[in-house]
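Enquirer: The structure is given below, and queries will be raised subsequently.
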Amino acid sequence: DQQVKQNSPSLSVQEGRISILNCDYTNSMFDYFLWYKKYPAEGPTFLISISSIKDKNEDGRFTVFLNKSAKHLSLHIVPSQPGDSAVYFCAARSDNYGQNFVFGPGTRLSVLP
Amino acid sequence: DVKVTQSSRYLVKRTGEKVFLECVQDMDHENMFWYRQDPGLGLRLIYFSYDVKMKEKGDIPEGYSVSREKKERFSLILESASTNQTSMYLCASSSLSGPPTDTQYFGPGTRLTVL
């Protein structure tokens, strides 16, 4: 049973509009969350993170929102650019897992020019 | 810049062959990880290591083993490759001395096909 879920396998957005990628988790012990971005034939690269003591973290065009009561986080990209087209993975950790993260299945974002 | 390199980008092997996947990182990171990535399943942890000669099983260790003889190098071994091990294999490293939530840095991946 997946502890980190990304229920949308794919998402298409027009250039300049907002992209919203969602992630749900089941383990209430998760206390830190990250988003990774992966281009084809490359390894994932870190994008943005959020600690469970916050409900929002912003870095340029990227904002992550955390709703602990709903066990839900989302990544907003505004404005979306064609270069944002990639697979986005949500990941979570807790002390139970030590240095390890649990990854979601990923959402493929396509930003259309 | 952290650099994590993997010995091969693409590999084709036959069922029953022994396969070695090598990973090297140049940032003196203590932690190293092996994942496999499959469509719809995301990244699943196979094995990880927090120190030289130390290894721990991840979520899907069956059919795999690892070796960490030097701090910078972490090898994944498929003792007898099977077709269900066809996948993208990703190596990652992270620092133990940073915050507990230090990010993992990934290599480019090895696409392994077992025929």
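How things are named: the first chain in the structure tokens is A, the next is B, and so on; residues count from 1 in each chain; ligands count from 1 in the order shown.
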Could you work out which residues of chain B fall inside 9 Å of chain A? Count only C-alpha atoms, and format the result as an MDAnalysis selection string.
Expert: chainID B and resid 9 31 33 37:45 48 50 58 90:92 94 96 100:111
Enquirer: Name all residues at most 9 Å from Cys23 of chain B (count only C-alpha atoms; drop same-chain ones fewer than 5 positions away) and give them as a ChimeraX atom specification.
Expert: /B:4-7,32,34,72-76,90-92,107
Enquirer: Give me, as JSON lines, each residue of segment 52-95 of chain A that comes within 6 Å of segment 14-28 of chain A, together with its shortest interatomic pair and the distance in Å at one decimal, counting only C-alpha atoms, with rows ordered by chain and rising residue number.
Expert:
{"residue": "A:Lys71", "atom": "CA", "partner": "A:Tyr25", "partner_atom": "CA", "distance": 5.5}
{"residue": "A:His72", "atom": "CA", "partner": "A:Asp24", "partner_atom": "CA", "distance": 4.5}
{"residue": "A:Leu73", "atom": "CA", "partner": "A:Cys23", "partner_atom": "CA", "distance": 5.2}
{"residue": "A:Ser74", "atom": "CA", "partner": "A:Asn22", "partner_atom": "CA", "distance": 4.4}
{"residue": "A:Leu75", "atom": "CA", "partner": "A:Leu21", "partner_atom": "CA", "distance": 5.1}
{"residue": "A:His76", "atom": "CA", "partner": "A:Ile20", "partner_atom": "CA", "distance": 4.7}
{"residue": "A:Ile77", "atom": "CA", "partner": "A:Ser19", "partner_atom": "CA", "distance": 5.0}
{"residue": "A:Val78", "atom": "CA", "partner": "A:Ile18", "partner_atom": "CA", "distance": 4.8}
{"residue": "A:Pro79", "atom": "CA", "partner": "A:Gly16", "partner_atom": "CA", "distance": 4.6}
{"residue": "A:Ser80", "atom": "CA", "partner": "A:Gly16", "partner_atom": "CA", "distance": 4.9}
{"residue": "A:Gln81", "atom": "CA", "partner": "A:Glu15", "partner_atom": "CA", "distance": 5.3}
Enquirer: Write a file of the selected residues as an mmCIF file, in the first residue's frame, keeping all heavy atoms.
Expert:
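What landed in out08.cif:
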data_model
loop_
_atom_site.group_PDB
_atom_site.id
_atom_site.type_symbol
_atom_site.label_atom_id
_atom_site.label_comp_id
_atom_site.auth_asym_id
_atom_site.auth_seq_id
_atom_site.Cartn_x
_atom_site.Cartn_y
_atom_site.Cartn_z
ATOM 1 N N LYS A 71 -3.639 15.653 5.318
ATOM 2 C CA LYS A 71 -2.501 14.862 4.837
ATOM 3 C C LYS A 71 -2.330 15.071 3.328
ATOM 4 O O LYS A 71 -2.289 14.121 2.527
ATOM 5 C CB LYS A 71 -2.659 13.379 5.156
ATOM 6 C CG LYS A 71 -2.705 13.057 6.649
ATOM 7 C CD LYS A 71 -2.530 11.554 6.871
ATOM 8 C CE LYS A 71 -2.659 11.183 8.315
ATOM 9 N NZ LYS A 71 -4.040 11.305 8.827
ATOM 10 N N HIS A 72 -2.235 16.319 2.974
ATOM 11 C CA HIS A 72 -2.206 16.689 1.562
ATOM 12 C C HIS A 72 -1.190 17.807 1.356
ATOM 13 O O HIS A 72 -1.109 18.742 2.156
ATOM 14 C CB HIS A 72 -3.595 17.162 1.127
ATOM 15 C CG HIS A 72 -3.654 17.673 -0.282
ATOM 16 N ND1 HIS A 72 -3.797 16.833 -1.361
ATOM 17 C CD2 HIS A 72 -3.567 18.927 -0.778
ATOM 18 C CE1 HIS A 72 -3.805 17.549 -2.468
ATOM 19 N NE2 HIS A 72 -3.671 18.823 -2.143
ATOM 20 N N LEU A 73 -0.418 17.688 0.288
ATOM 21 C CA LEU A 73 0.398 18.825 -0.109
ATOM 22 C C LEU A 73 0.276 19.040 -1.601
ATOM 23 O O LEU A 73 -0.120 18.124 -2.349
ATOM 24 C CB LEU A 73 1.863 18.685 0.303
ATOM 25 C CG LEU A 73 2.739 17.588 -0.231
ATOM 26 C CD1 LEU A 73 4.188 18.031 -0.128
ATOM 27 C CD2 LEU A 73 2.577 16.328 0.613
ATOM 28 N N SER A 74 0.565 20.260 -1.998
ATOM 29 C CA SER A 74 0.458 20.595 -3.409
ATOM 30 C C SER A 74 1.619 21.496 -3.804
ATOM 31 O O SER A 74 2.159 22.247 -2.985
ATOM 32 C CB SER A 74 -0.883 21.269 -3.715
ATOM 33 O OG SER A 74 -1.018 22.465 -2.981
ATOM 34 N N LEU A 75 1.987 21.373 -5.056
ATOM 35 C CA LEU A 75 3.044 22.209 -5.648
ATOM 36 C C LEU A 75 2.397 23.093 -6.693
ATOM 37 O O LEU A 75 1.730 22.585 -7.595
ATOM 38 C CB LEU A 75 4.121 21.329 -6.284
ATOM 39 C CG LEU A 75 5.206 22.054 -7.078
ATOM 40 C CD1 LEU A 75 6.093 22.872 -6.146
ATOM 41 C CD2 LEU A 75 6.045 21.058 -7.869
ATOM 42 N N HIS A 76 2.587 24.407 -6.549
ATOM 43 C CA HIS A 76 2.061 25.358 -7.508
ATOM 44 C C HIS A 76 3.216 25.955 -8.302
ATOM 45 O O HIS A 76 4.224 26.379 -7.707
ATOM 46 C CB HIS A 76 1.301 26.486 -6.792
ATOM 47 C CG HIS A 76 0.040 26.033 -6.128
ATOM 48 N ND1 HIS A 76 -1.067 26.851 -6.002
ATOM 49 C CD2 HIS A 76 -0.313 24.853 -5.574
ATOM 50 C CE1 HIS A 76 -2.023 26.184 -5.392
ATOM 51 N NE2 HIS A 76 -1.585 24.977 -5.109
ATOM 52 N N ILE A 77 3.057 25.990 -9.587
ATOM 53 C CA ILE A 77 4.063 26.598 -10.459
ATOM 54 C C ILE A 77 3.377 27.733 -11.223
ATOM 55 O O ILE A 77 2.431 27.493 -11.979
ATOM 56 C CB ILE A 77 4.640 25.579 -11.465
ATOM 57 C CG1 ILE A 77 5.153 24.328 -10.739
ATOM 58 C CG2 ILE A 77 5.767 26.215 -12.274
ATOM 59 C CD1 ILE A 77 5.582 23.209 -11.668
ATOM 60 N N VAL A 78 3.848 28.951 -10.960
ATOM 61 C CA VAL A 78 3.230 30.115 -11.595
ATOM 62 C C VAL A 78 4.305 31.120 -12.005
ATOM 63 O O VAL A 78 5.074 31.547 -11.133
ATOM 64 C CB VAL A 78 2.247 30.824 -10.633
ATOM 65 C CG1 VAL A 78 1.585 31.995 -11.328
ATOM 66 C CG2 VAL A 78 1.206 29.876 -10.105
ATOM 67 N N PRO A 79 4.367 31.552 -13.247
ATOM 68 C CA PRO A 79 3.643 30.987 -14.383
ATOM 69 C C PRO A 79 4.361 29.744 -14.913
ATOM 70 O O PRO A 79 5.584 29.626 -14.799
ATOM 71 C CB PRO A 79 3.711 32.125 -15.408
ATOM 72 C CG PRO A 79 5.014 32.812 -15.115
ATOM 73 C CD PRO A 79 5.213 32.696 -13.618
ATOM 74 N N SER A 80 3.624 28.830 -15.474
ATOM 75 C CA SER A 80 4.225 27.628 -16.029
ATOM 76 C C SER A 80 4.974 27.950 -17.317
ATOM 77 O O SER A 80 4.538 28.790 -18.116
ATOM 78 C CB SER A 80 3.138 26.586 -16.320
ATOM 79 O OG SER A 80 2.436 26.285 -15.135
ATOM 80 N N GLN A 81 6.098 27.262 -17.497
ATOM 81 C CA GLN A 81 6.920 27.454 -18.688
ATOM 82 C C GLN A 81 7.155 26.107 -19.361
ATOM 83 O O GLN A 81 7.156 25.072 -18.691
ATOM 84 C CB GLN A 81 8.269 28.079 -18.300
ATOM 85 C CG GLN A 81 8.162 29.438 -17.644
ATOM 86 C CD GLN A 81 9.491 29.957 -17.117
ATOM 87 O OE1 GLN A 81 10.497 29.262 -17.145
ATOM 88 N NE2 GLN A 81 9.491 31.195 -16.643
#
Enquirer: As a VMD selection string, which residues of chain A does DSSP assign to strand (DSSP E or B)?
Expert: chain A and resid 4 to 5 10 to 14 19 to 25 32 to 38 45 to 51 56 to 59 62 to 67 72 to 77 86 to 93 102 to 103 107 to 112
Enquirer: Looking at only C-alpha atoms, which of B:Glu17, B:Val24, B:Glu79, B:Ser8 is the one that sits closest to Leu115 of chain B?
Expert: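 Nearest candidate to Leu115 of chain B out of B:Glu17, B:Val24, B:Glu79, B:Ser8: B:Glu17.
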Enquirer: Quick one: residues within 10 Å of Leu112 of chain B, only C-alpha atoms counted, chain neighbours fewer than 4 positions away excluded, as a list in words?
Expert: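 With the cut-off at 10 Å, the set is Ser8, Arg9, Tyr10, Leu11, Val12, Lys13, Val19, Leu21, Thr83, Gln85, Thr86, Ser87, Met88 and Tyr89 of chain B.
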Enquirer: May I have all residues of segment 9-112 of chain A that DSSP, computed from the backbone, assigns to helix (DSSP H, G or I), given as a list in words?
Expert: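 Selecting the helix (DSSP H, G or I) positions of segment 9-112 of chain A gives Pro82, Gly83, Asp84, Asp95, Asn96 and Tyr97 of chain A.
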Enquirer: Looking at A:Ser52, A:Ser85, A:Ser69, A:Ser110, which one is nearest to Val13 of chain A, with distances taken over only C-alpha atoms?
Expert: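 For Val13 of chain A, the nearest of the candidates is A:Ser110.
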Enquirer: Report as a ChimeraX atom specification all protein, DNA and RNA residues lying within 7 Å of Leu109 of chain A, evaluated on only C-alpha atoms, omitting residues in the same chain fewer than 3 positions from it.
Expert: /A:10-12,85-87
Enquirer: Could you check how far atom CA of Lys57 of chain B sits from atom CA of Leu78 of chain B, in Å to one decimal?
Expert: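 Here the two named atoms are 14.3 Å from each other.
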Enquirer: Report the distance between atom CA of Gln3 of chain A and atom CA of Ile60 of chain B in Å, rounded to one decimal place.
Expert: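 Computing the Euclidean distance for atom CA of Gln3 of chain A and atom CA of Ile60 of chain B yields 14.9 Å.
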